[in-house]
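Right, one structure below, let's go through it.
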Amino acid sequence: MIDAHQHFWNPARGDYFWMVREAAAPIAKPFGPRELAPHLAAARIAKSVLVQAAPTIAETEYMLGLADATDHVAKVVGWIDFENRGDRRQLERLAKHPKFSGVRPMIQDLPDPEWMHRPDVQWALQAIVELDLSFDALGFPLHLDPFLKLFQRYPKMRIVIDHCMKPAIRDGAFEPWAAKMAVIAKETNVSCKLSGLATEALPGWSIETLRPYAAHVLKQFGPQRVMWGSDWPVLNLNGDYAKWFATAKSLVGEADQGAVFRQTAEEFYRIK
């Protein structure tokens, strides 16, 4: 099985700007392979995808170094500065690393929901297509319309939506998130990560809290376009690895577990 979304970080590196927020205090400490290993072993997960958590190329290189030294890290999703055309050279360099998959701009933290359509960042999106790299789409429901437009503009890009686009589960909100996700599933070929749902729920969530959202994603995208991810250690803010893994296994029908827990991520991220 594959965990398609996990993080490592060391706050002493100094580029995790979001860790200064009070809500992040419980996870504002080092998390590395040693801390994750027992969870992977308990869940019998053989491979993982390590995803960026800081908007710096230095962090991408830090992750690739960890990946080189960690057998279970199959791929790394990094970062480049979309607003700096000079980073085309950085992207070309990173693409030569066998464990580098692609990039994730931290769109959820940007003030302009339409940032992704600015003319000065299109070079980066075009480069991702030309270099046959992957793109992790990180945002909130307010980004669904801009993302749909982006997905339609770049149909050849390998794209996966992170965390089901973070529906506001704690507020009991289902629409318009559900309808817009259905449109994306129908009109594009993007994939979706079954991850991050616990973090968007109120403390004390149960499987029934998350079921409508997970069921909707599975129905609309189909298991061949859905991959499971832990989002550890962000997950620790409102749950734990074992509980989320067991919950996800229960939410995904037995016949679909092979796709959701291995095959989709294996094919999308080209994990051997």
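Order determines the names: the first chain of the structure tokens is A, the second B, and so forth; residues in each chain are numbered 1 upward, and ligands are numbered 1 upward as they are shown.
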DSSP on the backbone: what in stretch 49-267 of chain A comes out alpha helix (DSSP H), as a PyMOL selection string? chain A and resi 57-68+87-95+122-130+144-153+177-187+197-200+207-221+241-251+257-258+264-267
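Nearest-residue note for A:Ala168: choosing from A:Cys192, A:Ala201, A:Val217, A:Leu150, the minimum distance belongs to A:Ala201, counting only C-alpha atoms.
The space between atom CA of A:Asn10 and atom CA of A:Gly196 spans 21.0 Å.
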Please provide the set of residues having any atom within 12 Å of A:Gly239, restricted to only C-alpha atoms, with same-chain residues fewer than 6 positions apart removed, written as number ranges by chain. A: 196-207, 230-233, 245-247
I need the chosen residues saved as a PDB file, in the first residue's frame, with C-alpha atoms.
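So part24.pdb came out as:
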```pdb
ATOM      1  CA  GLY A 196      -7.281  15.866   4.985  1.00  0.00           C
ATOM      2  CA  LEU A 197     -10.940  15.275   5.844  1.00  0.00           C
ATOM      3  CA  ALA A 198     -10.318  14.682   9.549  1.00  0.00           C
ATOM      4  CA  THR A 199      -8.499  18.007   9.837  1.00  0.00           C
ATOM      5  CA  GLU A 200     -11.525  19.831   8.401  1.00  0.00           C
ATOM      6  CA  ALA A 201     -13.954  18.261  10.904  1.00  0.00           C
ATOM      7  CA  LEU A 202     -14.718  19.245  14.479  1.00  0.00           C
ATOM      8  CA  PRO A 203     -12.885  17.416  17.277  1.00  0.00           C
ATOM      9  CA  GLY A 204     -14.539  14.130  18.125  1.00  0.00           C
ATOM     10  CA  TRP A 205     -15.397  13.303  14.508  1.00  0.00           C
ATOM     11  CA  SER A 206     -16.581   9.821  13.625  1.00  0.00           C
ATOM     12  CA  ILE A 207     -16.741   7.792  10.458  1.00  0.00           C
ATOM     13  CA  SER A 230      -2.594  10.374   5.664  1.00  0.00           C
ATOM     14  CA  ASP A 231      -1.557  14.053   5.629  1.00  0.00           C
ATOM     15  CA  TRP A 232       0.575  13.120   8.644  1.00  0.00           C
ATOM     16  CA  PRO A 233       1.630  14.913  10.818  1.00  0.00           C
ATOM     17  CA  PHE A 245      -6.320   4.746   8.233  1.00  0.00           C
ATOM     18  CA  ALA A 246      -8.976   2.458   9.771  1.00  0.00           C
ATOM     19  CA  THR A 247     -11.701   4.990   8.966  1.00  0.00           C
TER      20      THR A 247
END
```
